[in-house]
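Here is the structure we will look at.
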Amino acid sequence: MNKKCKLIIVAGARPNFMKISPFIHAIDKHNKARIDNKIEYILVHTGQHYDDRMSKQFFKELNIPEADINLGVGSGTHAEQVGYTMIEFEKVLRIEQPDWVVVVGDVNATLACSVTAKKQWIKCCHIEAGLRSGDMTMPEEINRLVTDRLSDLLLTPDLLSNENLRREGVPEEKIRFVGNIMIDTLEANREKVSSLHIEDIVKRNILAGFKLNTEIPKEEHYALMTLHRPSNVDNSETLSPIINFIANELASQITLLWPIHPRTLKQLKEFNLSDVIAKQPNIILLEPLGYLDMLRLNMTAKVILTDSGGLQEECTVLGTPCLTLRWNTERPITLKEHGGASVLVGNDVKQIRDVFKSAMQQPRLSCRPALWDGKTAERCLQAIFEAS
Ligand code: UD1
């Protein structure tokens with residue numbers, strides 16, 4: 001590697017931070033090892049997630065340097081978030097003129113910054129390319145499709161993603177299979193978090209205003225849930241039956257730890273569902289958790305219910321039985337039929353009940369897809385060099 005290179009690395013929302021962390025550390029390692037040909041990088045935070053618990057805490061825990069530039073986009077409709085990001089990011093590109101813009105994942109920042117880069121004739125690299133749910137009602141699917149169509153270098157987490165890209169006609173020379181960069185972060189922190197106690201995590205993160213009316217569960221004696229997708233939480237006909245199942249059936253069998261996303265908290269109040277939760281002492285509501293606490297809880301959860309893509313992947317490597325509350329997934333490699341720990345249950349209570357029952361009997365069964373080895377970030381960097 002002896003080429004000069006200037007990168008802009010983009011992050012916007014919570015699931016991006018665990019992906020940029022190992023990449024930045026790989027650059028730092030590269031730069032430390034040489035006197036010349038160092039890589040210059042600028043970190044741009046679009047500001048889509050702005051709460052301390054959704055953003056700042058991740059930077060601190062994952063040793064991500066403070067962003068050089070924060071675009072301050074904040075909350076808004078999709079068009080507002082994407083539009084505002086493009087306007088501000090264009091100004092950054094005009095001044096900085098990087099060789100590459102590196103985007104990760106599938107959030108609005110990924111879409112906005114890849115489009116803006118390409119319109120400025122700047123090369124774009126997409127880390128986590130090729131994932132497809134096939135579901136065009138998901139905003140993330142639109143973000144993935146557009147970003148991949150435009151990118152010059154598509155770095156894939158698994159071979160199913162390579163197939164998706166080939167099927168769409170992406171030229172072979174643009175695709176590189178590098179593995180899952182999130183697993184770099186998991187492996188870098190796994191040992192460190194094993195000394196954290198469940199009780200301390202719960203006490204530190206109790207949701208503001210929530211009254212704890214039950215004993216804090218021990219390892220392997222709790223279920224863990226996250227829920228934030230608009231398709232699950234933005235409509236009362238979907239959210240109500242899930243909440244009723246959780247409160248009346250699941251929580252009568254096992255204590256549920258539920259770190260609650262700001263969007264979901266808002267919707268529970270809006271649909272008058274907060275009381276259903278408050279009446280069930282076995283549900284413990286937590287603030288959105290930092291990366292380390294979440295990883296620790298995942299390591300000894302009896303079962304996880306989630307609509308997050310990242311958690312499905314972490315459950316695969318940790319072996320935690322996982323109910324994915326979606327009808328499809330862009331990450332089929334996490335499913336049981338591919339050796340993973342996850343089962344799609346949609347938002348149908350009958351399916352959730354049946355799969356929950358069997359998951360409670362299921363032992364941990366960890367699986368490691370090819371190149372989910374903790375060394376993906378180095379391969380990403382190498383691929384960028386080779387394409388420069
Ligand atoms: C976004 C991503 C999604 C990712 C999720 C993880 C897109 C299209 N979606 O969805 O892929 O899985 O992040 O969290 O980019 N809010 C706060 N504080 C914050 C951020 C958000 O209170 O720091 C509230 C706002 O009221 C906002 C709502 O949460 O309206 C939703 O946030 P938004 O960024 O629009 O999307 P997410 O649902 O978080």
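Labels for the structure tokens follow display order: chains A, B, ..., residues from 1 in each chain, ligands from 1.
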
Discussion item. I need the strand (DSSP E) residues of segment 76-245 of chain A per DSSP on the backbone, written as a PyMOL selection string.
Written reply: chain A and resi 100-104+123-127+153-156+175-177+222-226

Worksheet item: Which neighbours of Val193 of chain A fall inside 12 Å, counting only C-alpha atoms, when residues of the same chain fewer than 4 positions from it are skipped, and could you give them as a list in words?
Response: Glu61, Thr185, Leu186, Glu187, Ala188, Asn189, His197, Ile198, Ile201, Gly290, Tyr291, Leu292, Asp293, Met294, Leu295, Arg296, Leu297, Asn298, Met299 and Thr300 of chain A

Go ahead and dump the residues you just picked, N, CA, C and O atoms, as a PDB file, in the first residue's frame.
```pdb
ATOM      1  N   GLU A  61     -17.643   4.850  23.889  1.00  0.00           N
ATOM      2  CA  GLU A  61     -17.374   3.439  24.189  1.00  0.00           C
ATOM      3  C   GLU A  61     -16.536   2.762  23.112  1.00  0.00           C
ATOM      4  O   GLU A  61     -15.771   1.853  23.402  1.00  0.00           O
ATOM      5  N   THR A 185     -16.244  -5.251  15.711  1.00  0.00           N
ATOM      6  CA  THR A 185     -16.522  -4.528  16.956  1.00  0.00           C
ATOM      7  C   THR A 185     -16.940  -5.504  18.055  1.00  0.00           C
ATOM      8  O   THR A 185     -16.512  -5.373  19.202  1.00  0.00           O
ATOM      9  N   LEU A 186     -17.734  -6.492  17.685  1.00  0.00           N
ATOM     10  CA  LEU A 186     -18.146  -7.491  18.675  1.00  0.00           C
ATOM     11  C   LEU A 186     -16.924  -8.213  19.244  1.00  0.00           C
ATOM     12  O   LEU A 186     -16.766  -8.329  20.465  1.00  0.00           O
ATOM     13  N   GLU A 187     -16.045  -8.666  18.361  1.00  0.00           N
ATOM     14  CA  GLU A 187     -14.882  -9.429  18.827  1.00  0.00           C
ATOM     15  C   GLU A 187     -13.924  -8.544  19.645  1.00  0.00           C
ATOM     16  O   GLU A 187     -13.299  -9.010  20.584  1.00  0.00           O
ATOM     17  N   ALA A 188     -13.849  -7.265  19.286  1.00  0.00           N
ATOM     18  CA  ALA A 188     -12.933  -6.373  20.008  1.00  0.00           C
ATOM     19  C   ALA A 188     -13.429  -6.087  21.425  1.00  0.00           C
ATOM     20  O   ALA A 188     -12.650  -5.672  22.287  1.00  0.00           O
ATOM     21  N   ASN A 189     -14.716  -6.303  21.672  1.00  0.00           N
ATOM     22  CA  ASN A 189     -15.279  -5.911  22.972  1.00  0.00           C
ATOM     23  C   ASN A 189     -15.818  -7.049  23.811  1.00  0.00           C
ATOM     24  O   ASN A 189     -16.161  -6.865  24.976  1.00  0.00           O
ATOM     25  N   HIS A 197     -22.008  -6.798  35.166  1.00  0.00           N
ATOM     26  CA  HIS A 197     -23.097  -7.535  35.819  1.00  0.00           C
ATOM     27  C   HIS A 197     -24.456  -7.066  35.314  1.00  0.00           C
ATOM     28  O   HIS A 197     -24.684  -5.861  35.164  1.00  0.00           O
ATOM     29  N   ILE A 198     -25.341  -8.019  35.105  1.00  0.00           N
ATOM     30  CA  ILE A 198     -26.688  -7.708  34.597  1.00  0.00           C
ATOM     31  C   ILE A 198     -27.360  -6.673  35.514  1.00  0.00           C
ATOM     32  O   ILE A 198     -27.955  -5.694  35.060  1.00  0.00           O
ATOM     33  N   ILE A 201     -26.124  -3.213  34.981  1.00  0.00           N
ATOM     34  CA  ILE A 201     -26.577  -2.672  33.686  1.00  0.00           C
ATOM     35  C   ILE A 201     -28.011  -2.174  33.822  1.00  0.00           C
ATOM     36  O   ILE A 201     -28.352  -1.073  33.411  1.00  0.00           O
ATOM     37  N   GLY A 290     -26.125   1.578  25.550  1.00  0.00           N
ATOM     38  CA  GLY A 290     -24.861   1.713  24.845  1.00  0.00           C
ATOM     39  C   GLY A 290     -24.467   0.367  24.254  1.00  0.00           C
ATOM     40  O   GLY A 290     -25.078  -0.660  24.552  1.00  0.00           O
ATOM     41  N   TYR A 291     -23.443   0.388  23.413  1.00  0.00           N
ATOM     42  CA  TYR A 291     -23.018  -0.833  22.733  1.00  0.00           C
ATOM     43  C   TYR A 291     -22.582  -1.917  23.724  1.00  0.00           C
ATOM     44  O   TYR A 291     -22.962  -3.078  23.605  1.00  0.00           O
ATOM     45  N   LEU A 292     -21.797  -1.536  24.711  1.00  0.00           N
ATOM     46  CA  LEU A 292     -21.195  -2.537  25.600  1.00  0.00           C
ATOM     47  C   LEU A 292     -22.258  -3.216  26.464  1.00  0.00           C
ATOM     48  O   LEU A 292     -22.254  -4.438  26.624  1.00  0.00           O
ATOM     49  N   ASP A 293     -23.180  -2.426  27.013  1.00  0.00           N
ATOM     50  CA  ASP A 293     -24.250  -3.010  27.833  1.00  0.00           C
ATOM     51  C   ASP A 293     -25.131  -3.938  27.000  1.00  0.00           C
ATOM     52  O   ASP A 293     -25.534  -5.006  27.455  1.00  0.00           O
ATOM     53  N   MET A 294     -25.423  -3.515  25.777  1.00  0.00           N
ATOM     54  CA  MET A 294     -26.291  -4.338  24.914  1.00  0.00           C
ATOM     55  C   MET A 294     -25.598  -5.662  24.581  1.00  0.00           C
ATOM     56  O   MET A 294     -26.219  -6.728  24.635  1.00  0.00           O
ATOM     57  N   LEU A 295     -24.326  -5.581  24.264  1.00  0.00           N
ATOM     58  CA  LEU A 295     -23.582  -6.801  23.945  1.00  0.00           C
ATOM     59  C   LEU A 295     -23.593  -7.756  25.147  1.00  0.00           C
ATOM     60  O   LEU A 295     -23.835  -8.951  25.006  1.00  0.00           O
ATOM     61  N   ARG A 296     -23.381  -7.176  26.342  1.00  0.00           N
ATOM     62  CA  ARG A 296     -23.364  -8.024  27.546  1.00  0.00           C
ATOM     63  C   ARG A 296     -24.718  -8.694  27.767  1.00  0.00           C
ATOM     64  O   ARG A 296     -24.788  -9.886  28.085  1.00  0.00           O
ATOM     65  N   LEU A 297     -25.806  -7.938  27.608  1.00  0.00           N
ATOM     66  CA  LEU A 297     -27.136  -8.524  27.809  1.00  0.00           C
ATOM     67  C   LEU A 297     -27.406  -9.613  26.768  1.00  0.00           C
ATOM     68  O   LEU A 297     -27.993 -10.653  27.082  1.00  0.00           O
ATOM     69  N   ASN A 298     -26.966  -9.382  25.560  1.00  0.00           N
ATOM     70  CA  ASN A 298     -27.169 -10.372  24.500  1.00  0.00           C
ATOM     71  C   ASN A 298     -26.435 -11.683  24.829  1.00  0.00           C
ATOM     72  O   ASN A 298     -26.947 -12.774  24.560  1.00  0.00           O
ATOM     73  N   MET A 299     -25.277 -11.572  25.463  1.00  0.00           N
ATOM     74  CA  MET A 299     -24.449 -12.767  25.709  1.00  0.00           C
ATOM     75  C   MET A 299     -25.121 -13.789  26.622  1.00  0.00           C
ATOM     76  O   MET A 299     -24.832 -14.977  26.526  1.00  0.00           O
ATOM     77  N   THR A 300     -26.019 -13.315  27.525  1.00  0.00           N
ATOM     78  CA  THR A 300     -26.682 -14.288  28.409  1.00  0.00           C
ATOM     79  C   THR A 300     -28.201 -14.113  28.427  1.00  0.00           C
ATOM     80  O   THR A 300     -28.854 -14.468  29.409  1.00  0.00           O
TER      81      THR A 300
END
```

Practice prompt. Fewer than 5 positions away in the same chain doesn't count, so skip those; otherwise give me all residues within 10 Å of Leu71 of chain A, counting only C-alpha atoms, as a VMD selection string.
Written response: chain A and resid 12 44 to 48 84 to 89 92

Restricting it to C-alpha atoms, dump the selection as a short mmCIF file (atom, residue, chain, number, x, y, z; two decimals), in the first residue's frame.
```
data_model
loop_
_atom_site.label_atom_id
_atom_site.label_comp_id
_atom_site.auth_asym_id
_atom_site.auth_seq_id
_atom_site.Cartn_x
_atom_site.Cartn_y
_atom_site.Cartn_z
CA GLY A 12 -25.51 9.24 10.67
CA VAL A 44 -18.67 13.45 9.01
CA HIS A 45 -21.63 12.83 11.34
CA THR A 46 -24.87 13.80 9.63
CA GLY A 47 -26.57 14.26 13.02
CA GLN A 48 -29.60 12.06 12.21
CA TYR A 84 -30.85 18.58 4.35
CA THR A 85 -27.95 16.10 4.48
CA MET A 86 -27.34 16.51 0.73
CA ILE A 87 -27.32 20.29 0.91
CA GLU A 88 -24.85 20.36 3.78
CA PHE A 89 -22.70 17.46 2.57
CA VAL A 92 -18.24 19.75 2.68
#
```

Worksheet item: So which one's closest to Thr306 of chain A, A:Gly346, A:Gly319, A:Gly83, A:Pro15? Using only C-alpha atoms, please.
Response: A:Gly346

Practice prompt. Could you give me the residues within segment 28-257 of chain A that DSSP places in alpha helix (DSSP H), as JSON, numbers by chain?
Written response: {"A": [28, 29, 30, 31, 32, 57, 58, 59, 60, 61, 78, 79, 80, 81, 82, 83, 84, 85, 86, 87, 88, 89, 90, 91, 92, 93, 94, 95, 96, 108, 109, 110, 111, 112, 113, 114, 115, 116, 117, 118, 119, 139, 140, 141, 142, 143, 144, 145, 146, 147, 148, 149, 150, 159, 160, 161, 162, 163, 164, 165, 166, 167, 181, 182, 183, 184, 185, 186, 187, 188, 189, 190, 191, 192, 193, 198, 199, 200, 201, 202, 203, 204, 205, 230, 231, 232, 233, 236, 237, 238, 239, 240, 241, 242, 243, 244, 245, 251, 252, 253]}

Set the distance at 9 Å and use only C-alpha atoms: which residues neighbour Lys375 of chain A once local chain neighbours fewer than 3 positions away are removed? I'd like the list as an mmCIF file with N, CA and C atoms, in the first residue's frame.
```
data_model
loop_
_atom_site.group_PDB
_atom_site.id
_atom_site.type_symbol
_atom_site.label_atom_id
_atom_site.label_comp_id
_atom_site.auth_asym_id
_atom_site.auth_seq_id
_atom_site.Cartn_x
_atom_site.Cartn_y
_atom_site.Cartn_z
ATOM 1 N N PRO A 22 -14.286 0.102 13.732
ATOM 2 C CA PRO A 22 -13.125 -0.709 13.330
ATOM 3 C C PRO A 22 -12.426 -0.164 12.085
ATOM 4 N N VAL A 178 -15.722 -8.998 1.847
ATOM 5 C CA VAL A 178 -14.778 -8.660 2.923
ATOM 6 C C VAL A 178 -15.202 -9.199 4.286
ATOM 7 N N GLY A 179 -16.470 -9.639 4.413
ATOM 8 C CA GLY A 179 -16.967 -10.100 5.712
ATOM 9 C C GLY A 179 -17.742 -8.993 6.421
ATOM 10 N N ASN A 180 -18.146 -9.306 7.647
ATOM 11 C CA ASN A 180 -19.051 -8.419 8.383
ATOM 12 C C ASN A 180 -18.278 -7.529 9.361
ATOM 13 N N ILE A 181 -18.264 -6.250 9.068
ATOM 14 C CA ILE A 181 -17.441 -5.317 9.859
ATOM 15 C C ILE A 181 -17.962 -5.145 11.287
ATOM 16 N N ILE A 183 -18.871 -7.419 13.192
ATOM 17 C CA ILE A 183 -18.331 -8.492 14.031
ATOM 18 C C ILE A 183 -16.920 -8.125 14.510
ATOM 19 N N ASP A 184 -16.237 -7.238 13.779
ATOM 20 C CA ASP A 184 -14.951 -6.720 14.275
ATOM 21 C C ASP A 184 -15.171 -6.055 15.636
ATOM 22 N N LEU A 371 -15.642 -15.262 6.927
ATOM 23 C CA LEU A 371 -15.056 -13.918 7.076
ATOM 24 C C LEU A 371 -15.757 -13.041 8.120
ATOM 25 N N TRP A 372 -16.543 -13.628 8.993
ATOM 26 C CA TRP A 372 -17.040 -12.877 10.154
ATOM 27 C C TRP A 372 -16.017 -13.133 11.276
ATOM 28 N N GLU A 378 -9.714 -4.314 8.024
ATOM 29 C CA GLU A 378 -8.431 -4.309 7.291
ATOM 30 C C GLU A 378 -8.656 -4.649 5.820
ATOM 31 N N ARG A 379 -9.574 -5.607 5.594
ATOM 32 C CA ARG A 379 -9.852 -5.981 4.195
ATOM 33 C C ARG A 379 -10.544 -4.844 3.445
#
```

Worksheet item: When distances are computed from only C-alpha atoms and all ligand atoms, which of A:Leu268, A:Leu318, A:Leu256, A:Ala109 shows the smallest separation from ligand 1?
Response: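 Distance minimum relative to ligand 1 lands on A:Ala109.
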
Discussion item. As a list in words, please: the residues near Leu160 of chain A (cut-off 9 Å, only C-alpha atoms, same-chain neighbours under 4 positions excluded).
Written reply: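 So, after excluding close chain neighbours, the residues are Gly130, Leu131, Thr156, Asn164, Leu165, Arg331, Pro332 and Ile333 of chain A.
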
Fill in: For Gly209 of chain A: contacts at 12 Å, only C-alpha atoms, fewer than 5 positions along chain excluded, given as a PyMOL selection string
chain A and resi 278+284-287

Practice prompt. Extract, using only C-alpha atoms, all DNA, RNA and protein residues at most 10 Å from Lys118 of chain A, discarding same-chain residues fewer than 6 positions from it, and format them as a ChimeraX atom specification.
Written response: /A:100-101,124,147,150-152

Writer output for current selection, C-alpha atoms, as a PDB file, in the first residue's frame:
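So selection-v8.pdb came out as:
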```
ATOM      1  CA  TRP A 100     -13.356   8.560  -1.727  1.00  0.00           C
ATOM      2  CA  VAL A 101     -16.540   8.895   0.283  1.00  0.00           C
ATOM      3  CA  CYS A 124     -18.002   6.092  -3.352  1.00  0.00           C
ATOM      4  CA  THR A 147     -26.313   3.369  -2.778  1.00  0.00           C
ATOM      5  CA  LEU A 150     -24.078   4.300  -7.543  1.00  0.00           C
ATOM      6  CA  SER A 151     -21.080   2.968  -5.632  1.00  0.00           C
ATOM      7  CA  ASP A 152     -17.710   2.325  -7.293  1.00  0.00           C
TER       8      ASP A 152
END
```

Practice prompt. Find, counting only C-alpha atoms, the residue in A:Lys357, A:Arg53, A:His221, A:Phe177 that gets nearest to Pro259 of chain A.
Written response: A:Arg53

Worksheet item: For ligand 1, which residue out of A:Ser194, A:Asn70, A:Asn63, A:Ser231 is the nearest one, using only C-alpha atoms and all ligand atoms?
Response: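 Checking each candidate against ligand 1, we get A:Ser231 as the closest.
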
Fill in: Selected residue, from A:Arg368, A:Arg326, A:Lys4, A:His126, that lies nearest to Gly339 of chain A when counting only C-alpha atoms
A:Arg368

Discussion item. Nearest residue to Met54 of chain A out of A:Leu289, A:Leu257, A:Met138, A:Ile206, using only C-alpha atoms?
Written reply: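 Comparing A:Leu289, A:Leu257, A:Met138, A:Ile206 against Met54 of chain A, the winner is A:Leu289.
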
Worksheet item: Just how far from atom 36 (O, counted along the ligand's line) of ligand 1 is atom CA of Ala79 of chain A, in Å to one decimal?
Response: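 Between these atoms lies a distance of 12.3 Å.
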
Practice prompt. Between atom CA of Lys302 of chain A and atom CA of Lys203 of chain A, measure the distance and give it in Å to one decimal.
Written response: 19.6 Å
